[in-house]
Structure formats: structure tokens, C-alpha cells
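A.B. asks: The structure follows.
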Amino acid sequence: MDLLNTLVDKGLRRELPTREEALAVLATSDDDLLDVVAAAGKVRRHWFGRRVKLNYLVNLKSGLCPEDCSYCSQRLGSTAGILKYTWLKPDEASKAAAAGLAGGAKRVCLVASGRGPTDRDVDRVSETIKAIKDQNESVEVCACLGLLSDGQAERLREAGADAYNHNLNTSEETYADITTTHTYADRVDTVRKAHAAGLSACSGLIAGMGESDEDLVDVVYSLRELDPDSVPVNFLIPVEGTPLAKEWNLTPQRCLRILAMVRFVCPDVEVRIAGGREVHLRSMQPLALNLANSIFLGDYLTTEGQAGQADLDMIADAGFEVEGAGEVTLPEHRASAGCGSHGAADGCGSHEDGGGCGSHGDGGVCGSHGDGGGVCGSVPAAPANEARTDLVAVRRRGAGTDLAPNA
């Protein structure tokens, strides 16, 4: 297919595809899907080999958020039966992080619900970062605390944070349809603050909220312009008790096409499969590793993921390997620039909750298999687009509980 050959060539050169080419990827047929995955896989392997970076979420403060993000189980007015607790103490957060690191995670994402941190909250998180790094000096720490005020990104950097996550989630044109208590511009401003402070910026999207192909392309092109080092791709988990609980719009094939489009537009960034992979990719999760080079290990913010060991087995069985602590994730031309120091003019491919770290929403879930977890996809198949509420379970273990975490 001429389109795919063109996109591979552009991806290897870090050249931006046209909007028409990006839209054409999303419009490909199921008959062409494996060709699309193979083409995007060439770009992924060129920049990242067969390495898979593991990330681990720690929900520092759960629920009771004053924001009204429609996708989020922690939102104002949510009736979802999630865990609700105030700030974890630094030693509690460090203990939770240690479980993920023992399971092979390289980065710990510290997330807290809320509009944004107070200065006292930044102090709390700074203490938590120190506690985690005292136990494991080589760990990467990404903070995700909502909208940042002036000077807060610099304080987090000084405390030892390596990255900051704040997702754009959807296109600027449709942002007000999912959230009214803050703006798209507020989110862009926070990503820029993280960049300016020398933090590695992490910003992504949520697919499956009823958006159009044009919306998806718009947000990915906006991300490329902002130039984050990592782009988490979340697939909406329609949690009961939220306004988007009935939005079951995704199929595994649709998810793969979205990941391929992101890879072509941002060829040399860390593309992370974030919330919703178990629910929407199901038995096709291993195929998605040909597109993304990063995943979350174990559970998410308020929902359960498949067993951590199942994640590790999936990576090995698919012929990939877990990225080691001593390995540099990003290609040399990006890593050598330093965390967050490359300018937006370069573009994320010109030289990089729903949920997951930063969206304050729900990640992928697969808790219906019991405490030991299980590989999503081992449950009976259902027709495309049918609600799979059997794959959605509220997290009841790990941070904020007395039960051992899933990692």
C-alpha cells in the first residue's frame, strides 16, 4: 500500500505526515489492519527496538475531585463506588511504589485527584519523591497533580521529579464537551510549565469518548507541537456512575489503528498504552506492543488491571523484552537534549484516566478474574461495540487499602 510505504519512510526520517495521511490510517479497513500494524511496527522498532518500558501508578489521593471531567470516576458528582482517601503518607506511597519496581517498573507515576496542588501539596509530594528515591536511586518519578501554578514545576524538579504528566485528552474544539471547570488552554499551559522547568513532559489523549477521526488527529497533532517525551494513549473505561458510562465505542481494531496513527505522527516518542487496554484491546493486547513501547504494569488509579505477571508473560510471549533500569528509553537525539529541554518548534516527531497517569480518570481494568487476575481475552468473546461491563472492576487493593498491590 503506497500510503503505508510513505508513512514508514516519513517515520524513519522523523517527518510529519499530512493530516490526510493520518486520517487515512484511521479509515483503513480490517482487511488491511495487519499491514498497518506491520508498517507502524517498523517505525517503532527503528527507534525503540523490541524494548517495553514498564510504568507503575500510585494514586496518592483518590476521589472527591472538584473538577467535572465526564470520563472520570473521581469527578465532582460521580456515584462510582471507588476508593476515597486523602493523601498517603510518604512511607505508604514508597511502599506502594516498591511493589511496582519489584515487578519490573522503571517509572513510578504519582497521581493525585484535584484541580491542582497547593504549595503544601507540592511539599507533600516532594517528601514522597525523596522517600521513593531513597529506596531506589535509579527510579524515574513522574508527578501528576493537575494544573500547575507558577513555580510549582520548578519545585518538583528540585525535589527530584523527572517528569510531569498532564494529558490534553481530546481536541481543543470538543474539549468543553467533556469538561467545563477548566479549559484546554489551562492544560496546554501546564505542559508548557513542565517543559520550561526542565521536566520531561508527558501528555496524551483519551479515545472512545464519542470523538471523530478529525478530533483524534487534531489532538495528536497538538501533542506533536507541544513536544512531550511520552504520549500515553488511554481508551475510555465507561465506569458506571459517570456521564460517559454508556460510551462503548471502541473495538480492538479501532484501538490498533489509533495507536498506529499516533506512532506515525510521533515516531520517536515513548508511546504508552495506558488505561483501557485490557478492556478494549483484550486478546489483541500483544499485537499492540508492535505499536507502543510502553505500558502500565498492574492496576490503575481506581480500576483493576490484569495481573502483573500476566503483563510480563504477554511481553515475553510476544517476543519483546522489558526495558532495564540502566537503559535509556528515548532515542539519542531526544535523550541527549535533557528532560524537557527540546523546544516545541522541533515537534515531537521532527528530531516525540479513560485514565492513566495525568487524566485523573480510570485506567484499563480486568478485575473480574479474581485476586490473581487473568489475561483479558480469556473471557467469552462478545460482539463488537457491546458493553463489556464484565471487564470493569473497581480497584480494592494496593494504595489506600490494606491489601497487597497488583504488580
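Every chain in the C-alpha cells has a letter given in the order shown (A, B, ...), and although residue numbers restart at 1 in each chain, ligands are simply numbered from 1 in the order shown.
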As a ChimeraX atom specification, please: the residues near Val43 in chain A (cut-off 9 Å, only C-alpha atoms, same-chain neighbours under 4 positions excluded).
C.D. replies: /A:7-9,11-12,39,47-48,263-264,267-268,291
A.B. asks: Find the spatial neighbours of range 396-404 of chain A, counting only C-alpha atoms, within a cut-off of 12 Å - ignore same-chain residues fewer than 5 positions away - and output them as a PyMOL selection string.
C.D. replies: chain A and resi 56-63+81-100+110-112+298-305+365+367-368+370-373
A.B. asks: Name the residues of range 131-361 of chain A that fall into alpha helix (DSSP H) according to DSSP on the backbone, using the chain letters and numbers of this document, as a VMD selection string.
C.D. replies: chain A and resid 131 to 135 152 to 159 175 to 178 184 to 196 213 to 226 252 to 265 285 to 288 308 to 317 332 to 335
A.B. asks: Next, the residues of the selection above should be written as a PDB file, in the first residue's frame with C-alpha atoms.
C.D. replies:
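Heads up, here's the output in again.pdb:
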ATOM      1  CA  ALA A 131      11.221   8.652  50.190  1.00  0.00           C
ATOM      2  CA  ILE A 132      10.921   6.703  46.927  1.00  0.00           C
ATOM      3  CA  LYS A 133      14.331   7.734  45.613  1.00  0.00           C
ATOM      4  CA  ASP A 134      15.982   6.975  48.947  1.00  0.00           C
ATOM      5  CA  GLN A 135      14.874   3.372  48.422  1.00  0.00           C
ATOM      6  CA  GLN A 152       5.486  24.617  41.223  1.00  0.00           C
ATOM      7  CA  ALA A 153       7.077  22.707  38.341  1.00  0.00           C
ATOM      8  CA  GLU A 154      10.469  24.085  39.359  1.00  0.00           C
ATOM      9  CA  ARG A 155       9.927  22.964  42.950  1.00  0.00           C
ATOM     10  CA  LEU A 156       9.012  19.452  41.820  1.00  0.00           C
ATOM     11  CA  ARG A 157      12.121  19.336  39.655  1.00  0.00           C
ATOM     12  CA  GLU A 158      14.262  20.432  42.588  1.00  0.00           C
ATOM     13  CA  ALA A 159      12.662  17.709  44.716  1.00  0.00           C
ATOM     14  CA  TYR A 175     -12.791  19.914  24.980  1.00  0.00           C
ATOM     15  CA  ALA A 176     -15.666  21.884  26.501  1.00  0.00           C
ATOM     16  CA  ASP A 177     -17.978  18.946  25.754  1.00  0.00           C
ATOM     17  CA  ILE A 178     -16.178  16.773  28.318  1.00  0.00           C
ATOM     18  CA  TYR A 184      -7.997  23.139  27.068  1.00  0.00           C
ATOM     19  CA  ALA A 185      -5.707  26.181  27.275  1.00  0.00           C
ATOM     20  CA  ASP A 186      -5.208  25.506  31.001  1.00  0.00           C
ATOM     21  CA  ARG A 187      -3.907  22.041  30.156  1.00  0.00           C
ATOM     22  CA  VAL A 188      -1.586  23.319  27.448  1.00  0.00           C
ATOM     23  CA  ASP A 189      -0.224  25.893  29.898  1.00  0.00           C
ATOM     24  CA  THR A 190       0.631  23.199  32.448  1.00  0.00           C
ATOM     25  CA  VAL A 191       2.502  21.081  29.880  1.00  0.00           C
ATOM     26  CA  ARG A 192       4.494  24.167  28.893  1.00  0.00           C
ATOM     27  CA  LYS A 193       5.281  24.928  32.536  1.00  0.00           C
ATOM     28  CA  ALA A 194       6.672  21.397  32.931  1.00  0.00           C
ATOM     29  CA  HIS A 195       8.835  21.848  29.818  1.00  0.00           C
ATOM     30  CA  ALA A 196      10.148  25.216  30.987  1.00  0.00           C
ATOM     31  CA  ASP A 213     -11.416  10.873  13.468  1.00  0.00           C
ATOM     32  CA  GLU A 214     -10.698  14.568  12.960  1.00  0.00           C
ATOM     33  CA  ASP A 215     -10.711  15.130  16.728  1.00  0.00           C
ATOM     34  CA  LEU A 216      -8.207  12.330  17.235  1.00  0.00           C
ATOM     35  CA  VAL A 217      -5.884  13.685  14.566  1.00  0.00           C
ATOM     36  CA  ASP A 218      -6.255  17.227  15.964  1.00  0.00           C
ATOM     37  CA  VAL A 219      -5.196  16.245  19.466  1.00  0.00           C
ATOM     38  CA  VAL A 220      -2.252  14.148  18.264  1.00  0.00           C
ATOM     39  CA  TYR A 221      -1.010  16.992  16.070  1.00  0.00           C
ATOM     40  CA  SER A 222      -1.377  19.348  19.035  1.00  0.00           C
ATOM     41  CA  LEU A 223       0.683  16.939  21.119  1.00  0.00           C
ATOM     42  CA  ARG A 224       3.372  16.826  18.482  1.00  0.00           C
ATOM     43  CA  GLU A 225       3.567  20.622  18.571  1.00  0.00           C
ATOM     44  CA  LEU A 226       3.895  20.577  22.382  1.00  0.00           C
ATOM     45  CA  PRO A 252      -9.688  -3.867  19.252  1.00  0.00           C
ATOM     46  CA  GLN A 253      -9.209  -2.996  15.584  1.00  0.00           C
ATOM     47  CA  ARG A 254     -10.097   0.658  16.187  1.00  0.00           C
ATOM     48  CA  CYS A 255      -7.637   0.827  19.089  1.00  0.00           C
ATOM     49  CA  LEU A 256      -4.829  -0.586  16.948  1.00  0.00           C
ATOM     50  CA  ARG A 257      -5.476   1.945  14.199  1.00  0.00           C
ATOM     51  CA  ILE A 258      -5.377   4.786  16.740  1.00  0.00           C
ATOM     52  CA  LEU A 259      -2.060   3.564  18.158  1.00  0.00           C
ATOM     53  CA  ALA A 260      -0.629   3.237  14.647  1.00  0.00           C
ATOM     54  CA  MET A 261      -1.680   6.785  13.779  1.00  0.00           C
ATOM     55  CA  VAL A 262      -0.028   8.117  16.952  1.00  0.00           C
ATOM     56  CA  ARG A 263       3.169   6.239  16.130  1.00  0.00           C
ATOM     57  CA  PHE A 264       3.295   7.642  12.600  1.00  0.00           C
ATOM     58  CA  VAL A 265       2.692  11.230  13.775  1.00  0.00           C
ATOM     59  CA  GLN A 285      -3.018  -6.601  23.508  1.00  0.00           C
ATOM     60  CA  PRO A 286       0.189  -8.367  22.367  1.00  0.00           C
ATOM     61  CA  LEU A 287      -0.296  -7.053  18.824  1.00  0.00           C
ATOM     62  CA  ALA A 288      -0.366  -3.505  20.202  1.00  0.00           C
ATOM     63  CA  GLY A 308       1.230  -8.011  36.786  1.00  0.00           C
ATOM     64  CA  GLN A 309       2.689 -11.409  35.958  1.00  0.00           C
ATOM     65  CA  ALA A 310       0.289 -11.684  33.035  1.00  0.00           C
ATOM     66  CA  ASP A 311       1.716  -8.401  31.700  1.00  0.00           C
ATOM     67  CA  LEU A 312       5.245  -9.794  31.933  1.00  0.00           C
ATOM     68  CA  ASP A 313       4.247 -13.082  30.309  1.00  0.00           C
ATOM     69  CA  MET A 314       2.497 -11.220  27.488  1.00  0.00           C
ATOM     70  CA  ILE A 315       5.617  -9.174  26.742  1.00  0.00           C
ATOM     71  CA  ALA A 316       7.844 -12.248  26.671  1.00  0.00           C
ATOM     72  CA  ASP A 317       5.423 -14.372  24.652  1.00  0.00           C
ATOM     73  CA  GLU A 332      19.848   9.523  21.455  1.00  0.00           C
ATOM     74  CA  HIS A 333      18.815  12.714  19.668  1.00  0.00           C
ATOM     75  CA  ARG A 334      15.990  13.219  22.186  1.00  0.00           C
ATOM     76  CA  ALA A 335      17.650  11.873  25.334  1.00  0.00           C
TER      77      ALA A 335
END
A.B. asks: Smallest atom-to-atom distance to Ile129 in chain A: which of A:His280, A:Lys246, A:Arg107, A:Arg115, using only C-alpha atoms?
C.D. replies: A:Arg107
A.B. asks: With only C-alpha atoms as the atoms that count, which of A:Pro331, A:Ser73, A:Asn249, A:Leu297 lies nearest to Val394 in chain A?
C.D. replies: A:Ser73
